[in-house]
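See below for model.cif, which holds mmCIF, C-alpha atoms, pLDDT in the B column; chains and numbers go by the auth columns.
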data_target
loop_
_atom_site.group_PDB
_atom_site.id
_atom_site.type_symbol
_atom_site.label_atom_id
_atom_site.label_comp_id
_atom_site.label_asym_id
_atom_site.label_seq_id
_atom_site.Cartn_x
_atom_site.Cartn_y
_atom_site.Cartn_z
_atom_site.B_iso_or_equiv
_atom_site.auth_seq_id
_atom_site.auth_asym_id
ATOM 1 C CA LEU A 1 1.943 3.399 -4.166 90.00 1 A
ATOM 2 C CA VAL A 2 1.789 7.212 -4.249 93.00 2 A
ATOM 3 C CA SER A 3 4.791 9.522 -4.260 93.00 3 A
ATOM 4 C CA ALA A 4 5.342 13.282 -4.360 93.00 4 A
ATOM 5 C CA ALA A 5 7.706 14.504 -7.084 92.00 5 A
ATOM 6 C CA ALA A 6 10.014 17.520 -7.306 91.00 6 A
ATOM 7 C CA ASP A 7 7.876 18.949 -10.144 93.00 7 A
ATOM 8 C CA LYS A 8 5.008 19.410 -7.605 92.00 8 A
ATOM 9 C CA SER A 9 3.033 16.447 -8.919 93.00 9 A
ATOM 10 C CA LEU A 10 1.789 13.302 -7.216 94.00 10 A
ATOM 11 C CA ILE A 11 2.416 10.016 -8.994 94.00 11 A
ATOM 12 C CA LEU A 12 0.251 6.916 -8.562 92.00 12 A
ATOM 13 C CA TRP A 13 2.266 3.779 -9.330 92.00 13 A
ATOM 14 C CA ASP A 14 1.160 0.241 -10.176 91.00 14 A
ATOM 15 C CA ILE A 15 3.767 -1.774 -8.309 90.00 15 A
ATOM 16 C CA SER A 16 2.553 -5.063 -9.789 89.00 16 A
ATOM 17 C CA GLU A 17 3.489 -3.935 -13.334 73.00 17 A
ATOM 18 C CA ASP A 18 7.157 -2.973 -13.035 86.00 18 A
ATOM 19 C CA PHE A 19 6.270 0.312 -11.332 86.00 19 A
ATOM 20 C CA ALA A 20 4.192 1.654 -14.219 92.00 20 A
ATOM 21 C CA ILE A 21 2.728 5.139 -13.749 92.00 21 A
ATOM 22 C CA VAL A 22 -1.057 4.909 -13.476 91.00 22 A
ATOM 23 C CA ALA A 23 -1.825 8.610 -12.956 92.00 23 A
ATOM 24 C CA ARG A 24 -0.150 11.942 -12.329 94.00 24 A
ATOM 25 C CA TYR A 25 -1.869 14.726 -10.375 92.00 25 A
ATOM 26 C CA VAL A 26 -0.488 18.248 -10.819 92.00 26 A
ATOM 27 C CA CYS A 27 -0.886 21.169 -8.430 90.00 27 A
ATOM 28 C CA PRO A 28 1.066 24.459 -8.307 91.00 28 A
ATOM 29 C CA ASP A 29 1.949 23.874 -4.636 92.00 29 A
ATOM 30 C CA GLU A 30 4.579 21.742 -2.875 94.00 30 A
ATOM 31 C CA CYS A 31 3.187 18.517 -1.410 94.00 31 A
ATOM 32 C CA LYS A 32 4.365 17.954 2.174 95.00 32 A
ATOM 33 C CA SER A 33 2.294 14.899 3.104 94.00 33 A
ATOM 34 C CA VAL A 34 0.455 12.202 1.158 95.00 34 A
ATOM 35 C CA CYS A 35 -1.535 9.069 2.009 92.00 35 A
ATOM 36 C CA ILE A 36 -4.173 6.771 0.556 91.00 36 A
ATOM 37 C CA ALA A 37 -7.551 6.827 2.318 90.00 37 A
ATOM 38 C CA GLY A 38 -10.098 4.447 0.844 87.00 38 A
ATOM 39 C CA ASP A 39 -10.571 5.327 -2.832 86.00 39 A
ATOM 40 C CA GLU A 40 -8.887 8.737 -2.625 90.00 40 A
ATOM 41 C CA ILE A 41 -5.415 10.181 -2.320 92.00 41 A
ATOM 42 C CA VAL A 42 -5.148 12.769 0.455 93.00 42 A
ATOM 43 C CA ALA A 43 -2.382 15.342 0.028 93.00 43 A
ATOM 44 C CA GLY A 44 -1.322 18.163 2.341 94.00 44 A
ATOM 45 C CA TYR A 45 0.433 21.123 0.731 94.00 45 A
ATOM 46 C CA ALA A 46 2.881 23.798 1.917 94.00 46 A
ATOM 47 C CA SER A 47 0.149 26.445 1.620 94.00 47 A
ATOM 48 C CA GLY A 48 -1.965 24.616 4.222 94.00 48 A
ATOM 49 C CA VAL A 49 -4.419 23.298 1.623 92.00 49 A
ATOM 50 C CA ILE A 50 -5.531 19.654 1.756 93.00 50 A
ATOM 51 C CA ARG A 51 -6.594 18.134 -1.550 92.00 51 A
ATOM 52 C CA LEU A 52 -8.435 14.885 -2.240 91.00 52 A
ATOM 53 C CA TRP A 53 -7.554 13.261 -5.548 91.00 53 A
ATOM 54 C CA PRO A 54 -9.692 10.377 -6.910 89.00 54 A
ATOM 55 C CA PHE A 55 -8.200 7.148 -8.182 85.00 55 A
ATOM 56 C CA PRO A 56 -8.444 6.794 -11.984 82.00 56 A
ATOM 57 C CA GLY A 57 -11.915 5.622 -12.957 70.00 57 A
ATOM 58 C CA GLU A 58 -13.470 6.904 -9.724 67.00 58 A
ATOM 59 C CA GLU A 59 -15.913 9.786 -9.755 66.00 59 A
ATOM 60 C CA LYS A 60 -14.601 13.028 -8.277 60.00 60 A
ATOM 61 C CA LYS A 61 -16.504 13.928 -5.101 62.00 61 A
ATOM 62 C CA ASP A 62 -17.530 17.428 -4.135 55.00 62 A
ATOM 63 C CA ILE A 63 -16.356 18.595 -0.726 56.00 63 A
ATOM 64 C CA LEU A 64 -18.800 20.528 1.415 44.00 64 A
#
With the file now loaded, output its structure as structure tokens.
Amino acid sequence: LVSAAADKSLILWDISEDFAIVARYVCPDECKSVCIAGDEIVAGYASGVIRLWPFPGEEKKDIL
């Protein structure tokens, strides 16, 4: 489960472990849309920027 927080971070939750926080991704922009696509978290921000965040343990991919 991924949620956007008021502090402009995204939180990845492990719902099988009493909703433990697995990772927190911080960006200085307000997240307006978020979804999971494969092994990445896709987030759309108020500025029009789209960011791809890797799951913990996954290698960050360069975007061309």
Neighbours of point (-5.6, 8.1, 0.8) within 10 Å, using only C-alpha atoms, written as a ChimeraX atom specification: /A:2,34-43,52-55
Selection result of the PyMOL selection byres ((chain A and resi 1) around 10) on this file, as a PyMOL selection string: chain A and resi 2-3+11-15+19+21-22+35-36
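Taking only C-alpha atoms into account, the protein, DNA and RNA residues within 12 Å of (4.3, 20.9, -3.9) read Ser3, Ala4, Ala5, Ala6, Asp7, Lys8, Ser9, Leu10, Tyr25, Val26, Cys27, Pro28, Asp29, Glu30, Cys31, Lys32, Ser33, Val34, Ala43, Gly44, Tyr45, Ala46, Ser47, Gly48, Val49, Ile50 and Arg51 of chain A.
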Would you output that residue set with C-alpha atoms, as a CSV table (one decimal), in the coordinates of the input?
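What ended up in again-v8.csv:
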chain,number,residue,atom,x,y,z
A,3,SER,CA,4.8,9.5,-4.3
A,4,ALA,CA,5.3,13.3,-4.4
A,5,ALA,CA,7.7,14.5,-7.1
A,6,ALA,CA,10.0,17.5,-7.3
A,7,ASP,CA,7.9,18.9,-10.1
A,8,LYS,CA,5.0,19.4,-7.6
A,9,SER,CA,3.0,16.4,-8.9
A,10,LEU,CA,1.8,13.3,-7.2
A,25,TYR,CA,-1.9,14.7,-10.4
A,26,VAL,CA,-0.5,18.2,-10.8
A,27,CYS,CA,-0.9,21.2,-8.4
A,28,PRO,CA,1.1,24.5,-8.3
A,29,ASP,CA,1.9,23.9,-4.6
A,30,GLU,CA,4.6,21.7,-2.9
A,31,CYS,CA,3.2,18.5,-1.4
A,32,LYS,CA,4.4,18.0,2.2
A,33,SER,CA,2.3,14.9,3.1
A,34,VAL,CA,0.5,12.2,1.2
A,43,ALA,CA,-2.4,15.3,0.0
A,44,GLY,CA,-1.3,18.2,2.3
A,45,TYR,CA,0.4,21.1,0.7
A,46,ALA,CA,2.9,23.8,1.9
A,47,SER,CA,0.1,26.4,1.6
A,48,GLY,CA,-2.0,24.6,4.2
A,49,VAL,CA,-4.4,23.3,1.6
A,50,ILE,CA,-5.5,19.7,1.8
A,51,ARG,CA,-6.6,18.1,-1.6
Repaired coordinates for segment 3-25 of chain A (N, CA and C atoms) as a PDB file, keeping the file's coordinate frame:
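Saved as rebuild-v2.pdb:
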ATOM      1  N   SER A   3       3.611   8.748  -4.643  1.00 93.00           N
ATOM      2  CA  SER A   3       4.791   9.522  -4.260  1.00 93.00           C
ATOM      3  C   SER A   3       4.624  10.968  -4.700  1.00 93.00           C
ATOM      4  N   ALA A   4       5.308  11.867  -3.988  1.00 93.00           N
ATOM      5  CA  ALA A   4       5.342  13.282  -4.360  1.00 93.00           C
ATOM      6  C   ALA A   4       6.639  13.530  -5.120  1.00 93.00           C
ATOM      7  N   ALA A   5       6.546  14.257  -6.228  1.00 92.00           N
ATOM      8  CA  ALA A   5       7.706  14.504  -7.084  1.00 92.00           C
ATOM      9  C   ALA A   5       8.184  15.948  -6.969  1.00 92.00           C
ATOM     10  N   ALA A   6       9.418  16.182  -7.370  1.00 91.00           N
ATOM     11  CA  ALA A   6      10.014  17.520  -7.306  1.00 91.00           C
ATOM     12  C   ALA A   6       9.308  18.521  -8.216  1.00 91.00           C
ATOM     13  N   ASP A   7       8.591  18.040  -9.238  1.00 93.00           N
ATOM     14  CA  ASP A   7       7.876  18.949 -10.144  1.00 93.00           C
ATOM     15  C   ASP A   7       6.493  19.330  -9.612  1.00 93.00           C
ATOM     16  N   LYS A   8       6.254  19.081  -8.314  1.00 92.00           N
ATOM     17  CA  LYS A   8       5.008  19.410  -7.605  1.00 92.00           C
ATOM     18  C   LYS A   8       3.827  18.542  -8.045  1.00 92.00           C
ATOM     19  N   SER A   9       4.106  17.365  -8.554  1.00 93.00           N
ATOM     20  CA  SER A   9       3.033  16.447  -8.919  1.00 93.00           C
ATOM     21  C   SER A   9       3.030  15.258  -7.966  1.00 93.00           C
ATOM     22  N   LEU A  10       1.897  14.573  -7.919  1.00 94.00           N
ATOM     23  CA  LEU A  10       1.789  13.302  -7.216  1.00 94.00           C
ATOM     24  C   LEU A  10       1.736  12.220  -8.281  1.00 94.00           C
ATOM     25  N   ILE A  11       2.391  11.108  -8.026  1.00 94.00           N
ATOM     26  CA  ILE A  11       2.416  10.016  -8.994  1.00 94.00           C
ATOM     27  C   ILE A  11       1.837   8.771  -8.336  1.00 94.00           C
ATOM     28  N   LEU A  12       0.844   8.175  -8.999  1.00 92.00           N
ATOM     29  CA  LEU A  12       0.251   6.916  -8.562  1.00 92.00           C
ATOM     30  C   LEU A  12       0.891   5.809  -9.381  1.00 92.00           C
ATOM     31  N   TRP A  13       1.514   4.858  -8.692  1.00 92.00           N
ATOM     32  CA  TRP A  13       2.266   3.779  -9.330  1.00 92.00           C
ATOM     33  C   TRP A  13       1.513   2.459  -9.220  1.00 92.00           C
ATOM     34  N   ASP A  14       1.633   1.621 -10.233  1.00 91.00           N
ATOM     35  CA  ASP A  14       1.160   0.241 -10.176  1.00 91.00           C
ATOM     36  C   ASP A  14       2.383  -0.624  -9.909  1.00 91.00           C
ATOM     37  N   ILE A  15       2.553  -1.038  -8.670  1.00 90.00           N
ATOM     38  CA  ILE A  15       3.767  -1.774  -8.309  1.00 90.00           C
ATOM     39  C   ILE A  15       3.750  -3.223  -8.792  1.00 90.00           C
ATOM     40  N   SER A  16       2.595  -3.697  -9.265  1.00 89.00           N
ATOM     41  CA  SER A  16       2.553  -5.063  -9.789  1.00 89.00           C
ATOM     42  C   SER A  16       2.979  -5.130 -11.255  1.00 89.00           C
ATOM     43  N   GLU A  17       3.124  -3.986 -11.914  1.00 73.00           N
ATOM     44  CA  GLU A  17       3.489  -3.935 -13.334  1.00 73.00           C
ATOM     45  C   GLU A  17       4.797  -3.179 -13.531  1.00 73.00           C
ATOM     46  N   ASP A  18       5.844  -3.608 -12.889  1.00 86.00           N
ATOM     47  CA  ASP A  18       7.157  -2.973 -13.035  1.00 86.00           C
ATOM     48  C   ASP A  18       7.128  -1.473 -12.754  1.00 86.00           C
ATOM     49  N   PHE A  19       6.369  -1.089 -11.753  1.00 86.00           N
ATOM     50  CA  PHE A  19       6.270   0.312 -11.332  1.00 86.00           C
ATOM     51  C   PHE A  19       5.803   1.237 -12.461  1.00 86.00           C
ATOM     52  N   ALA A  20       4.772   0.823 -13.161  1.00 92.00           N
ATOM     53  CA  ALA A  20       4.192   1.654 -14.219  1.00 92.00           C
ATOM     54  C   ALA A  20       3.417   2.812 -13.595  1.00 92.00           C
ATOM     55  N   ILE A  21       3.485   3.981 -14.228  1.00 92.00           N
ATOM     56  CA  ILE A  21       2.728   5.139 -13.749  1.00 92.00           C
ATOM     57  C   ILE A  21       1.276   4.987 -14.187  1.00 92.00           C
ATOM     58  N   VAL A  22       0.374   5.029 -13.213  1.00 91.00           N
ATOM     59  CA  VAL A  22      -1.057   4.909 -13.476  1.00 91.00           C
ATOM     60  C   VAL A  22      -1.676   6.287 -13.685  1.00 91.00           C
ATOM     61  N   ALA A  23      -1.270   7.255 -12.862  1.00 92.00           N
ATOM     62  CA  ALA A  23      -1.825   8.610 -12.956  1.00 92.00           C
ATOM     63  C   ALA A  23      -0.836   9.607 -12.380  1.00 92.00           C
ATOM     64  N   ARG A  24      -0.958  10.834 -12.855  1.00 94.00           N
ATOM     65  CA  ARG A  24      -0.150  11.942 -12.329  1.00 94.00           C
ATOM     66  C   ARG A  24      -1.115  13.081 -12.020  1.00 94.00           C
ATOM     67  N   TYR A  25      -1.016  13.625 -10.817  1.00 92.00           N
ATOM     68  CA  TYR A  25      -1.869  14.726 -10.375  1.00 92.00           C
ATOM     69  C   TYR A  25      -0.984  15.952 -10.179  1.00 92.00           C
TER      70      TYR A  25
END
